[in-house]
$ cat run_30.txt   # compact mmCIF, C-alpha atoms (C1' of nucleotides)
# COMPACT_ATOMS: atom_id res chain seq x y z
CA MET A 108 -9.96 14.12 22.48
CA TYR A 109 -9.20 13.72 18.78
CA GLU A 110 -7.80 17.25 18.80
CA LEU A 111 -5.20 16.69 16.10
CA PHE A 112 -7.63 14.70 13.98
CA PHE A 113 -10.09 17.58 13.84
CA GLN A 114 -7.25 20.02 13.44
CA SER A 115 -6.32 18.25 10.21
CA PHE A 116 -9.73 19.21 8.82
CA ALA A 117 -9.16 22.83 9.78
CA ASP A 118 -5.70 22.73 8.15
CA LYS A 119 -7.45 21.89 4.90
CA LYS A 120 -9.92 24.77 5.33
CA ILE A 121 -12.73 22.37 6.07
CA ILE A 122 -14.79 24.00 8.82
CA LEU A 123 -16.77 21.64 11.02
CA THR A 124 -19.61 22.64 13.35
CA LEU A 125 -19.81 21.14 16.82
CA GLU A 126 -22.67 18.94 15.64
CA GLU A 127 -20.63 17.69 12.71
CA LYS A 128 -17.72 16.84 14.99
CA GLU A 129 -20.10 15.00 17.27
CA MET A 130 -21.44 13.07 14.32
CA ILE A 131 -17.98 12.12 13.04
CA ARG A 132 -16.83 11.19 16.52
CA LYS A 133 -19.34 8.36 16.60
CA TYR A 134 -17.51 6.67 13.74
CA LEU A 135 -14.09 6.82 15.39
CA THR A 136 -12.38 4.41 17.75
CA PRO A 137 -9.45 5.36 19.97
CA LYS A 138 -6.61 2.89 20.36
CA LYS A 139 -3.39 2.85 22.32
CA LEU A 140 -0.36 0.96 21.10
CA ARG A 141 2.70 0.02 23.09
CA LYS A 142 6.15 0.43 21.57
CA LYS A 143 6.97 -2.48 19.21
CA GLN A 144 3.30 -3.51 19.06
CA TYR A 145 1.86 -4.30 15.62
CA LEU A 146 -1.04 -2.37 14.17
CA LEU A 147 -0.94 -4.58 11.08
CA GLN A 148 0.98 -7.64 9.98
CA GLU A 149 1.72 -8.74 6.44
CA GLY A 150 -0.87 -11.29 5.34
CA ASP A 151 -3.65 -9.91 7.52
CA ILE A 152 -6.38 -7.77 6.03
CA CYS A 153 -6.05 -4.11 6.89
CA LYS A 154 -9.28 -3.18 8.66
CA THR A 155 -8.59 0.43 9.58
CA ILE A 156 -7.05 3.73 8.68
CA ALA A 157 -5.11 5.07 11.65
CA PHE A 158 -4.60 8.73 12.50
CA VAL A 159 -1.74 9.38 14.91
CA GLU A 160 -2.66 11.62 17.86
CA LYS A 161 0.54 10.82 19.74
CA GLY A 162 3.62 8.70 19.17
CA ALA A 163 5.34 7.33 16.08
CA LEU A 164 4.80 4.35 13.78
CA ARG A 165 6.47 2.84 10.76
CA GLU A 166 5.16 0.96 7.74
CA TYR A 167 7.50 -1.50 6.06
CA SER A 168 7.73 -4.49 3.76
CA ILE A 169 9.99 -7.48 4.19
CA ASP A 170 11.82 -8.81 1.15
CA GLU A 171 12.69 -12.43 0.32
CA ASN A 172 15.97 -12.12 2.25
CA GLY A 173 14.12 -11.01 5.36
CA ALA A 174 15.33 -7.42 5.12
CA GLU A 175 12.96 -4.65 6.19
CA HIS A 176 12.21 -1.72 3.88
CA ILE A 177 10.45 1.21 5.52
CA ILE A 178 8.13 3.02 3.15
CA GLN A 179 6.62 5.48 5.60
CA PHE A 180 6.94 6.95 9.04
CA ALA A 181 3.90 8.44 10.78
CA ILE A 182 4.08 10.84 13.71
CA GLU A 183 1.49 13.15 15.28
CA GLY A 184 -0.95 14.41 12.67
CA TRP A 185 -0.14 11.76 10.09
CA THR A 186 -2.34 9.00 8.75
CA ILE A 187 -1.13 5.45 8.21
CA SER A 188 -2.65 2.33 6.68
CA ASP A 189 -2.05 -0.35 4.07
CA LEU A 190 -4.44 1.48 1.81
CA PHE A 191 -4.48 -1.15 -0.91
CA SER A 192 -5.44 -3.87 1.53
CA PHE A 193 -7.94 -1.56 3.22
CA LEU A 194 -9.69 -0.70 -0.03
CA THR A 195 -9.61 -4.10 -1.73
CA GLY A 196 -9.85 -6.45 1.25
CA GLU A 197 -6.81 -8.35 0.00
CA ALA A 198 -4.00 -9.52 2.28
CA ALA A 199 -1.68 -6.75 3.42
CA THR A 200 1.82 -6.64 1.94
CA TYR A 201 3.05 -4.21 4.58
CA ASN A 202 3.62 -4.32 8.31
CA ILE A 203 2.84 -1.41 10.61
CA ASP A 204 4.18 -1.18 14.16
CA ALA A 205 4.76 1.39 16.86
CA LEU A 206 8.18 2.99 17.38
CA GLU A 207 6.94 4.64 20.59
CA ASP A 208 3.91 4.20 22.82
CA SER A 209 1.23 5.74 20.66
CA GLU A 210 -2.36 6.96 20.64
CA LEU A 211 -4.36 6.44 17.49
CA VAL A 212 -7.76 7.28 16.08
CA LEU A 213 -9.06 4.38 14.02
CA ILE A 214 -11.52 4.58 11.15
CA SER A 215 -12.96 1.19 10.19
CA LYS A 216 -13.92 0.24 6.66
CA SER A 217 -17.64 0.57 7.35
CA ALA A 218 -17.10 3.89 9.13
CA ASN A 219 -15.10 5.16 6.17
CA GLU A 220 -17.75 4.09 3.69
CA GLU A 221 -20.60 5.59 5.66
CA LEU A 222 -18.78 8.84 6.25
CA LEU A 223 -17.98 9.09 2.54
CA GLN A 224 -21.61 8.51 1.61
CA ARG A 225 -23.32 10.58 4.23
CA PHE A 226 -21.01 13.48 4.78
CA HIS A 227 -19.72 15.43 1.86
CA LYS A 228 -17.03 17.28 3.81
CA TYR A 229 -15.48 13.95 4.74
CA GLU A 230 -15.07 13.02 1.10
CA THR A 231 -13.41 16.37 0.46
CA TYR A 232 -11.14 15.79 3.45
CA THR A 233 -10.20 12.37 2.11
CA ARG A 234 -9.53 13.72 -1.35
CA LEU A 235 -7.24 16.48 -0.07
CA GLN A 236 -5.50 14.04 2.24
CA ILE A 237 -4.66 11.56 -0.49
CA THR A 238 -3.67 14.36 -2.85
CA GLY A 239 -1.14 15.61 -0.31
CA ALA A 240 0.22 12.10 0.19
CA TYR A 241 0.52 11.66 -3.57
CA LEU A 242 2.44 14.90 -4.02
CA ALA A 243 4.79 14.10 -1.15
CA MET A 244 5.56 10.69 -2.59
CA GLN A 245 6.07 12.09 -6.08
CA LYS A 246 8.58 14.53 -4.67
CA ARG A 247 10.34 11.73 -2.85
CA LEU A 248 10.55 9.62 -6.01
CA ASN A 249 11.93 12.55 -7.97
CA SER A 250 14.52 13.25 -5.27
CA ILE A 251 15.77 9.68 -5.54
CA ASN A 252 16.47 10.18 -9.24
CA THR A 253 17.83 13.73 -9.22
CA LEU A 254 19.65 14.34 -5.92
CA THR A 255 22.80 12.98 -4.33
CA ILE A 256 22.44 10.97 -1.14
CA GLU A 257 23.82 13.92 0.86
CA GLU A 258 21.19 16.21 -0.55
CA ARG A 259 18.47 13.66 0.08
CA TYR A 260 19.52 13.28 3.71
CA LEU A 261 19.61 17.03 4.24
CA ASP A 262 16.15 17.21 2.66
CA PHE A 263 14.97 14.55 5.06
CA THR A 264 16.30 16.41 8.09
CA THR A 265 14.63 19.65 7.10
CA ILE A 266 11.31 18.05 6.17
CA TYR A 267 11.19 15.80 9.25
CA PRO A 268 13.42 17.48 11.84
CA ASN A 269 11.64 15.72 14.68
CA ILE A 270 11.79 12.22 13.29
CA THR A 271 15.57 12.35 13.18
CA GLN A 272 15.65 12.66 16.95
CA ARG A 273 13.02 10.02 17.61
CA VAL A 274 13.88 7.26 15.17
CA PRO A 275 17.00 5.03 15.13
CA GLN A 276 19.37 5.97 12.36
CA HIS A 277 19.31 2.57 10.72
CA MET A 278 15.57 3.02 10.14
CA ILE A 279 16.18 6.30 8.37
CA ALA A 280 18.71 4.43 6.24
CA SER A 281 16.03 1.82 5.49
CA TYR A 282 13.58 4.57 4.53
CA MET A 283 16.19 6.02 2.19
CA GLY A 284 17.05 2.64 0.68
CA LEU A 285 20.60 2.65 2.10
CA GLN A 286 22.70 0.42 4.34
CA PRO A 287 23.20 1.79 7.88
CA GLU A 288 26.95 2.02 7.28
CA THR A 289 26.41 4.17 4.23
CA LEU A 290 24.16 6.63 6.04
CA SER A 291 26.67 6.83 8.88
CA ARG A 292 29.42 7.75 6.42
CA ILE A 293 27.20 10.32 4.69
CA ARG A 294 26.50 11.97 8.02
CA ARG A 295 30.19 12.12 8.84
CA LYS A 296 30.92 13.66 5.46
CA ILE A 297 28.27 16.33 6.08
CA SER A 298 29.48 17.13 9.60
CA VAL A 299 33.08 17.47 8.41
CA SER A 300 32.16 19.86 5.62
CA LYS A 301 30.36 22.21 8.01
CA MET B 107 -15.78 12.36 -28.58
CA TYR B 108 -14.25 12.04 -25.12
CA GLU B 109 -15.08 8.32 -25.18
CA LEU B 110 -12.14 7.22 -23.06
CA PHE B 111 -12.61 10.09 -20.65
CA PHE B 112 -16.19 9.07 -19.88
CA GLN B 113 -15.16 5.43 -19.89
CA SER B 114 -12.82 6.20 -16.99
CA PHE B 115 -15.87 7.23 -14.93
CA ALA B 116 -17.59 3.96 -15.77
CA ASP B 117 -14.43 2.03 -14.83
CA LYS B 118 -14.77 3.52 -11.37
CA LYS B 119 -18.46 2.52 -11.17
CA ILE B 120 -19.54 6.12 -11.51
CA ILE B 121 -22.61 6.07 -13.71
CA LEU B 122 -23.33 9.26 -15.65
CA THR B 123 -26.61 10.13 -17.35
CA LEU B 124 -26.59 11.68 -20.80
CA GLU B 125 -27.48 15.02 -19.22
CA GLU B 126 -24.57 14.77 -16.81
CA LYS B 127 -22.16 13.97 -19.62
CA GLU B 128 -23.51 16.96 -21.54
CA MET B 129 -22.96 19.13 -18.49
CA ILE B 130 -19.40 17.93 -17.95
CA ARG B 131 -18.58 18.25 -21.63
CA LYS B 132 -19.07 22.01 -21.40
CA TYR B 133 -16.12 22.22 -19.04
CA LEU B 134 -13.75 20.29 -21.28
CA THR B 135 -11.46 21.48 -24.06
CA PRO B 136 -10.02 19.18 -26.72
CA LYS B 137 -6.43 19.68 -27.78
CA LYS B 138 -4.16 18.02 -30.31
CA LEU B 139 -0.44 17.85 -29.77
CA ARG B 140 2.23 17.04 -32.36
CA LYS B 141 5.05 14.69 -31.48
CA LYS B 142 7.77 16.52 -29.47
CA GLN B 143 5.40 19.40 -28.72
CA TYR B 144 5.31 20.65 -25.13
CA LEU B 145 2.16 20.58 -23.05
CA LEU B 146 4.04 22.18 -20.16
CA GLN B 147 7.52 23.60 -19.62
CA GLU B 148 9.38 23.90 -16.37
CA GLY B 149 8.91 27.39 -14.94
CA ASP B 150 5.48 27.92 -16.50
CA ILE B 151 2.35 27.57 -14.40
CA CYS B 152 0.43 24.40 -15.08
CA LYS B 153 -3.03 25.54 -16.17
CA THR B 154 -4.65 22.22 -16.98
CA ILE B 155 -5.07 18.56 -16.20
CA ALA B 156 -4.79 16.54 -19.39
CA PHE B 157 -6.57 13.27 -20.11
CA VAL B 158 -5.07 11.27 -22.98
CA GLU B 159 -7.61 10.10 -25.58
CA LYS B 160 -4.93 9.10 -28.05
CA GLY B 161 -1.15 9.10 -28.19
CA ALA B 162 1.58 9.11 -25.55
CA LEU B 163 3.24 11.74 -23.37
CA ARG B 164 5.99 11.90 -20.80
CA GLU B 165 6.53 14.02 -17.70
CA TYR B 166 10.11 14.67 -16.64
CA SER B 167 12.38 16.88 -14.62
CA ILE B 168 15.80 18.15 -15.63
CA ASP B 169 18.59 18.05 -13.06
CA GLU B 170 21.43 20.54 -12.63
CA ASN B 171 23.58 18.56 -15.11
CA GLY B 172 20.89 18.84 -17.75
CA ALA B 173 19.91 15.17 -17.52
CA GLU B 174 16.27 14.25 -17.96
CA HIS B 175 14.46 12.10 -15.40
CA ILE B 176 11.09 10.74 -16.51
CA ILE B 177 8.65 10.40 -13.65
CA GLN B 178 5.61 9.33 -15.63
CA PHE B 179 4.39 8.12 -18.98
CA ALA B 180 0.79 8.67 -20.02
CA ILE B 181 -0.94 6.76 -22.78
CA GLU B 182 -4.60 6.38 -23.72
CA GLY B 183 -6.81 6.53 -20.64
CA TRP B 184 -4.19 8.15 -18.41
CA THR B 185 -4.20 11.58 -16.84
CA ILE B 186 -1.14 13.81 -16.75
CA SER B 187 -0.34 17.16 -15.14
CA ASP B 188 2.12 18.89 -12.84
CA LEU B 189 -0.42 18.57 -10.06
CA PHE B 190 1.51 20.64 -7.54
CA SER B 191 1.81 23.57 -9.91
CA PHE B 192 -1.83 23.14 -10.98
CA LEU B 193 -3.12 23.21 -7.41
CA THR B 194 -0.86 25.90 -5.94
CA GLY B 195 -0.29 28.14 -8.97
CA GLU B 196 3.47 27.95 -8.42
CA ALA B 197 5.95 27.49 -11.25
CA ALA B 198 6.08 23.97 -12.65
CA THR B 199 9.13 21.84 -11.85
CA TYR B 200 8.29 19.29 -14.52
CA ASN B 201 8.10 19.28 -18.29
CA ILE B 202 5.44 17.43 -20.24
CA ASP B 203 5.73 16.70 -23.94
CA ALA B 204 4.26 14.38 -26.55
CA LEU B 205 6.04 11.19 -27.61
CA GLU B 206 3.54 10.68 -30.43
CA ASP B 207 0.91 12.87 -32.08
CA SER B 208 -1.72 12.97 -29.35
CA GLU B 209 -5.29 13.96 -28.62
CA LEU B 210 -6.05 15.32 -25.18
CA VAL B 211 -8.99 16.43 -23.12
CA LEU B 212 -8.05 19.44 -21.02
CA ILE B 213 -9.61 20.49 -17.74
CA SER B 214 -8.73 24.03 -16.73
CA LYS B 215 -8.32 25.16 -13.16
CA SER B 216 -11.64 27.00 -13.10
CA ALA B 217 -13.39 24.04 -14.76
CA ASN B 218 -11.92 21.72 -12.16
CA GLU B 219 -13.01 23.94 -9.28
CA GLU B 220 -16.53 24.38 -10.60
CA LEU B 221 -16.97 20.71 -11.34
CA LEU B 222 -15.76 19.84 -7.84
CA GLN B 223 -18.21 22.30 -6.26
CA ARG B 224 -21.24 21.68 -8.40
CA PHE B 225 -21.07 18.01 -9.19
CA HIS B 226 -20.56 15.51 -6.46
CA LYS B 227 -19.76 12.60 -8.77
CA TYR B 228 -16.84 14.55 -10.16
CA GLU B 229 -15.31 14.88 -6.72
CA THR B 230 -15.70 11.14 -6.20
CA TYR B 231 -14.11 10.53 -9.59
CA THR B 232 -11.19 12.76 -8.67
CA ARG B 233 -10.76 11.08 -5.32
CA LEU B 234 -10.66 7.60 -6.83
CA GLN B 235 -8.34 8.77 -9.58
CA ILE B 236 -5.75 10.22 -7.19
CA THR B 237 -6.07 7.21 -4.90
CA GLY B 238 -5.19 4.90 -7.79
CA ALA B 239 -2.24 7.08 -8.73
CA TYR B 240 -1.04 7.07 -5.13
CA LEU B 241 -1.20 3.29 -4.86
CA ALA B 242 0.61 2.82 -8.17
CA MET B 243 3.39 5.14 -7.07
CA GLN B 244 3.69 3.48 -3.69
CA LYS B 245 4.10 0.14 -5.40
CA ARG B 246 6.74 1.60 -7.67
CA LEU B 247 8.66 3.05 -4.73
CA ASN B 248 8.53 -0.26 -2.90
CA SER B 249 9.74 -2.12 -5.99
CA ILE B 250 12.78 0.13 -6.17
CA ASN B 251 13.76 -0.89 -2.65
CA THR B 252 12.90 -4.58 -2.71
CA LEU B 253 13.42 -5.91 -6.25
CA THR B 254 16.44 -6.43 -8.47
CA ILE B 255 16.66 -4.39 -11.65
CA GLU B 256 15.78 -7.49 -13.70
CA GLU B 257 12.62 -8.00 -11.68
CA ARG B 258 11.72 -4.35 -11.95
CA TYR B 259 12.11 -4.41 -15.71
CA LEU B 260 9.99 -7.55 -16.03
CA ASP B 261 7.39 -5.87 -13.83
CA PHE B 262 7.45 -2.87 -16.11
CA THR B 263 6.96 -4.98 -19.23
CA THR B 264 3.97 -6.80 -17.76
CA ILE B 265 2.34 -3.68 -16.32
CA TYR B 266 2.91 -1.55 -19.42
CA PRO B 267 3.32 -4.04 -22.28
CA ASN B 268 2.29 -1.44 -24.84
CA ILE B 269 4.60 1.31 -23.72
CA THR B 270 7.62 -0.91 -24.30
CA GLN B 271 6.81 -1.02 -28.01
CA ARG B 272 6.02 2.66 -28.32
CA VAL B 273 8.71 4.35 -26.27
CA PRO B 274 12.48 4.46 -26.94
CA GLN B 275 14.41 2.20 -24.61
CA HIS B 276 16.55 4.99 -23.17
CA MET B 277 13.37 6.65 -21.89
CA ILE B 278 12.37 3.49 -20.08
CA ALA B 279 15.87 3.52 -18.57
CA SER B 280 15.29 7.11 -17.48
CA TYR B 281 11.96 6.15 -15.91
CA MET B 282 13.72 3.36 -14.03
CA GLY B 283 16.56 5.62 -12.92
CA LEU B 284 19.16 3.71 -14.96
CA GLN B 285 21.66 4.53 -17.68
CA PRO B 286 20.64 3.32 -21.17
CA GLU B 287 23.68 1.02 -21.29
CA THR B 288 22.63 -0.65 -18.07
CA LEU B 289 19.10 -1.34 -19.29
CA SER B 290 20.49 -2.73 -22.53
CA ARG B 291 22.67 -5.17 -20.57
CA ILE B 292 19.79 -6.16 -18.32
CA ARG B 293 17.67 -6.96 -21.35
CA ARG B 294 20.43 -9.06 -22.85
CA LYS B 295 20.81 -10.95 -19.58
CA ILE B 296 17.07 -11.66 -19.50
CA SER B 297 16.92 -12.81 -23.14
CA VAL B 298 19.90 -15.14 -22.63
CA SER B 299 18.37 -16.77 -19.55
CA LYS B 300 15.15 -17.56 -21.43
C1' DA C 226 25.17 -5.18 39.29
C1' DA C 227 26.15 -8.06 35.59
C1' DA C 228 25.01 -9.81 31.17
C1' DA C 229 23.00 -9.45 26.77
C1' DG C 230 21.36 -7.19 22.89
C1' DG C 231 20.97 -3.32 19.92
C1' DC C 232 23.19 0.38 17.72
C1' DA C 233 26.53 3.72 15.42
C1' DT C 234 30.96 3.97 13.75
C1' DT C 235 35.12 2.84 11.22
C1' DG C 236 38.15 0.00 8.20
C1' DA C 237 38.96 -3.26 4.29
C1' DT C 238 37.27 -5.35 0.36
C1' DC C 239 34.00 -6.45 -3.27
C1' DT C 240 30.63 -5.65 -6.77
C1' DG C 241 27.17 -3.78 -9.69
C1' DA C 242 26.04 0.22 -12.11
C1' DA C 243 28.07 4.54 -14.13
C1' DT C 244 31.10 6.40 -17.20
C1' DC C 245 33.85 6.68 -21.33
C1' DA C 246 34.34 5.18 -25.92
C1' DA C 247 33.44 3.05 -30.37
C1' DT C 248 30.35 0.82 -33.87
C1' DG C 249 26.52 -0.20 -36.80
C1' DG C 250 21.81 0.32 -37.66
C1' DT C 251 17.67 3.04 -38.09
C1' DT C 252 15.05 7.11 -38.52
C1' DT C 253 14.64 11.88 -39.63
C1' DT C 254 15.95 15.89 -42.07
C1' DT C 255 17.22 18.34 -46.10
C1' DA D 93 19.02 10.11 -52.39
C1' DA D 94 22.42 11.79 -49.33
C1' DA D 95 23.51 13.64 -44.92
C1' DA D 96 22.64 14.14 -40.25
C1' DA D 97 20.82 12.86 -35.97
C1' DC D 98 19.34 9.44 -33.01
C1' DC D 99 19.57 5.08 -30.89
C1' DA D 100 20.90 0.31 -29.06
C1' DT D 101 24.64 -2.43 -28.23
C1' DT D 102 29.14 -3.91 -26.67
C1' DG D 103 33.76 -3.42 -24.44
C1' DA D 104 36.96 -1.35 -20.98
C1' DT D 105 37.47 1.13 -16.89
C1' DT D 106 36.03 3.68 -12.79
C1' DC D 107 33.62 4.48 -8.66
C1' DA D 108 29.97 4.67 -5.20
C1' DG D 109 27.64 1.98 -2.19
C1' DA D 110 27.23 -2.92 -0.36
C1' DT D 111 29.20 -6.33 2.22
C1' DC D 112 32.09 -8.30 5.73
C1' DA D 113 34.24 -7.58 10.05
C1' DA D 114 35.55 -5.50 14.45
C1' DT D 115 34.95 -2.16 18.31
C1' DG D 116 32.87 0.52 21.87
C1' DC D 117 28.81 2.62 23.65
C1' DC D 118 24.34 2.68 25.39
C1' DT D 119 20.03 0.61 26.70
C1' DT D 120 17.39 -3.20 28.17
C1' DT D 121 16.97 -7.50 30.49
C1' DT D 122 17.76 -10.61 34.22
$ encode --input "run_30.txt" --output "structure tokens"
Amino acid sequence: MYELFFQSFADKKIILTLEEKEMIRKYLTPKKLRKKQYLLQEGDICKTIAFVEKGALREYSIDENGAEHIIQFAIEGWTISDLFSFLTGEAATYNIDALEDSELVLISKSANEELLQRFHKYETYTRLQITGAYLAMQKRLNSINTLTIEERYLDFTTIYPNITQRVPQHMIASYMGLQPETLSRIRRKISVSK
Amino acid sequence: MYELFFQSFADKKIILTLEEKEMIRKYLTPKKLRKKQYLLQEGDICKTIAFVEKGALREYSIDENGAEHIIQFAIEGWTISDLFSFLTGEAATYNIDALEDSELVLISKSANEELLQRFHKYETYTRLQITGAYLAMQKRLNSINTLTIEERYLDFTTIYPNITQRVPQHMIASYMGLQPETLSRIRRKISVSK
DNA sequence: AAAAGGCATTGATCTGAATCAATGGTTTTT
DNA sequence: AAAAACCATTGATTCAGATCAATGCCTTTT
């Protein structure tokens, strides 16, 4: 259990002994989520960071017109949370729900704090994790300003080839800040030119 | 010297003794930059993280049409770098230059690595720093998808009231992903409605 | 098995931002 | 002090993506 979670330490060159894994394991809680089930709703306080062992989730905000805007997908190996709410204890501005039946590893606020204090490698893990997330988001922001929509979609399909198969197209449009009709037309354009 | 730099530790509730400050100071290099001078050019390898003690800088990419796209401003108390290039040693994709005569504190790659290894509080500082940057960027990305341009500009002026006075308007347009003409019209619209 | 709901696609039209162009003011250079 | 470069603003026009609308397919519900 928690294979992928521990794998994500190894991916960052953080080597854990069996004892260390045992120790960390005590701070973790497994959780299964059915498709369409919420992990977090806007207004609630985000109590956990979730690591995805299996399945797929989305994080999104809802604007004043009731439209959803997806800011992140999370599949196997990804971490998802309303980090601002988690860290500050303020009401969440994002919703998180499952796009497929999913298996998560949850880290509570107290678990996170204790792990950070007591276990140096966990702080390093956290630092590398957030650094990677920062760089990915910076790249995404830059793509929005410098690339055409076609290029951005092709980028998306190469970076997340799996998600394209698993997630409805209108959600990819939402992630890209487009209307579903627009993404449909972009895809047609691309398929014609090939 | 380095007042603001050490202040940014205190802001994060990281208390440093005089001895610790002395120790850190040995890893830092001061640098002055004239207005319009480059700190980093696309294609070079980013050798340092820069903390701004005084002045203002911008970080931007240049697209295939030669247009500039500003992804970040940095004024007093901010940190600026092409983090991807710094961490991987690959060629930088961003340019950084000074918008005013500026005074920086530079942290080299080796200094960063040694500080991370030898001084736990520095790793914590780094972690909190990148976490704040991540949250700010996430908020910015969400604003792009959920707010009108007017709202985004008003947000910008409240979050960075100083930058508005110090930076040419067309650069703020670039940061927002707009044409200068469009931002000018938005501003007129806002001033009329008040 | 039938009905309902969700989804991708396509067409027609509208609209907000980009583009092109000109002007006057301000700052920088010489 | 004059010339040059830079910049914000305004007007006219264009265009890409949004919106409105309809259709057929597929999946889920009953």
$ interface_residues --input "run_30.txt" --of "chain D" --to "chain A" --cutoff "10 Å" --atoms "all atoms listed in the file" --output "short mmCIF file (atom, residue, chain, number, x, y, z; two decimals) with C-alpha atoms (C1' of nucleotides), keeping the file's coordinate frame"
data_model
loop_
_atom_site.label_atom_id
_atom_site.label_comp_id
_atom_site.auth_asym_id
_atom_site.auth_seq_id
_atom_site.Cartn_x
_atom_site.Cartn_y
_atom_site.Cartn_z
"C1'" DG D 109 27.64 1.98 -2.19
"C1'" DA D 110 27.23 -2.92 -0.36
"C1'" DT D 111 29.20 -6.33 2.22
#
$ residues_around --input "run_30.txt" --residues "Ser214 (chain B)" --least-positions-apart "2" --cutoff "12 Å" --atoms "only C-alpha atoms (C1' of nucleotides)" --output "ChimeraX atom specification"
/B:132-136,151-157,187,189,192-193,211-212,216-221
$ write_last_selection --input "run_30.txt" --atoms "C-alpha atoms" --output "compact mmCIF listing (two decimals), keeping the file's coordinate frame"
# COMPACT_ATOMS: atom_id res chain seq x y z
CA LYS B 132 -19.07 22.01 -21.40
CA TYR B 133 -16.12 22.22 -19.04
CA LEU B 134 -13.75 20.29 -21.28
CA THR B 135 -11.46 21.48 -24.06
CA PRO B 136 -10.02 19.18 -26.72
CA ILE B 151 2.35 27.57 -14.40
CA CYS B 152 0.43 24.40 -15.08
CA LYS B 153 -3.03 25.54 -16.17
CA THR B 154 -4.65 22.22 -16.98
CA ILE B 155 -5.07 18.56 -16.20
CA ALA B 156 -4.79 16.54 -19.39
CA PHE B 157 -6.57 13.27 -20.11
CA SER B 187 -0.34 17.16 -15.14
CA LEU B 189 -0.42 18.57 -10.06
CA PHE B 192 -1.83 23.14 -10.98
CA LEU B 193 -3.12 23.21 -7.41
CA VAL B 211 -8.99 16.43 -23.12
CA LEU B 212 -8.05 19.44 -21.02
CA SER B 216 -11.64 27.00 -13.10
CA ALA B 217 -13.39 24.04 -14.76
CA ASN B 218 -11.92 21.72 -12.16
CA GLU B 219 -13.01 23.94 -9.28
CA GLU B 220 -16.53 24.38 -10.60
CA LEU B 221 -16.97 20.71 -11.34
$ interface_residues --input "run_30.txt" --of "chain A" --to "chain C" --cutoff "12 Å" --atoms "only C-alpha atoms (C1' of nucleotides)" --output "list in words"
Val274, Pro275, Gln276, His277, Met278, Pro287, Glu288, Thr289, Leu290, Ser291, Arg292, Ile293, Arg294 and Arg295 of chain A
$ closest_atom_pairs --input "run_30.txt" --of "chain A" --to "chain B" --cutoff "6 Å" --atoms "only C-alpha atoms" --output "JSON lines"
{"residue": "A:Asp170", "atom": "CA", "partner": "B:Thr252", "partner_atom": "CA", "distance": 5.8}
{"residue": "A:Arg234", "atom": "CA", "partner": "B:Arg233", "partner_atom": "CA", "distance": 4.9}
{"residue": "A:Tyr241", "atom": "CA", "partner": "B:Tyr240", "partner_atom": "CA", "distance": 5.1}
{"residue": "A:Asn252", "atom": "CA", "partner": "B:Gly283", "partner_atom": "CA", "distance": 5.9}
{"residue": "A:Thr253", "atom": "CA", "partner": "B:Asp169", "partner_atom": "CA", "distance": 5.8}
{"residue": "A:Gly284", "atom": "CA", "partner": "B:Asn251", "partner_atom": "CA", "distance": 5.9}
$ axis_aligned_box --input "run_30.txt" --around "region 232-248 of chain C" --padding-each-side "4 Å" --output "JSON"
{"center_x": 31.1, "center_y": 0.1, "center_z": -8.1, "size_x": 23.8, "size_y": 21.1, "size_z": 59.6}
$ atom_distance --input "run_30.txt" --atom1 "CA of Gly183 (chain B)" --atom2 "CA of Lys160 (chain B)"
8.1 Å
$ residues_around --input "run_30.txt" --residues "region 199-202 of chain B" --least-positions-apart "4" --cutoff "6 Å" --atoms "only C-alpha atoms (C1' of nucleotides)" --output "ChimeraX atom specification"
/B:144-148,164-167
$ atom_distance --input "run_30.txt" --atom1 "CA of Ser115 (chain A)" --atom2 "CA of Leu211 (chain A)"
14.0 Å
$ build_atoms --input "run_30.txt" --residues "region 218-225 of chain B" --atoms "N, CA and C atoms" --output "compact mmCIF listing (two decimals), in the coordinates of the input"
# COMPACT_ATOMS: atom_id res chain seq x y z
N ASN B 218 -12.11 22.70 -13.23
CA ASN B 218 -11.92 21.72 -12.16
C ASN B 218 -12.62 22.16 -10.88
N GLU B 219 -12.42 23.44 -10.53
CA GLU B 219 -13.01 23.94 -9.28
C GLU B 219 -14.54 23.93 -9.34
N GLU B 220 -15.07 24.36 -10.48
CA GLU B 220 -16.53 24.38 -10.60
C GLU B 220 -17.12 22.99 -10.61
N LEU B 221 -16.48 22.10 -11.31
CA LEU B 221 -16.97 20.71 -11.34
C LEU B 221 -16.95 20.11 -9.93
N LEU B 222 -15.87 20.37 -9.21
CA LEU B 222 -15.76 19.84 -7.84
C LEU B 222 -16.90 20.37 -6.96
N GLN B 223 -17.19 21.67 -7.11
CA GLN B 223 -18.21 22.30 -6.26
C GLN B 223 -19.62 21.86 -6.64
N ARG B 224 -19.87 21.82 -7.95
CA ARG B 224 -21.24 21.68 -8.40
C ARG B 224 -21.68 20.24 -8.63
N PHE B 225 -20.70 19.34 -8.72
CA PHE B 225 -21.07 18.01 -9.19
C PHE B 225 -20.36 16.96 -8.34
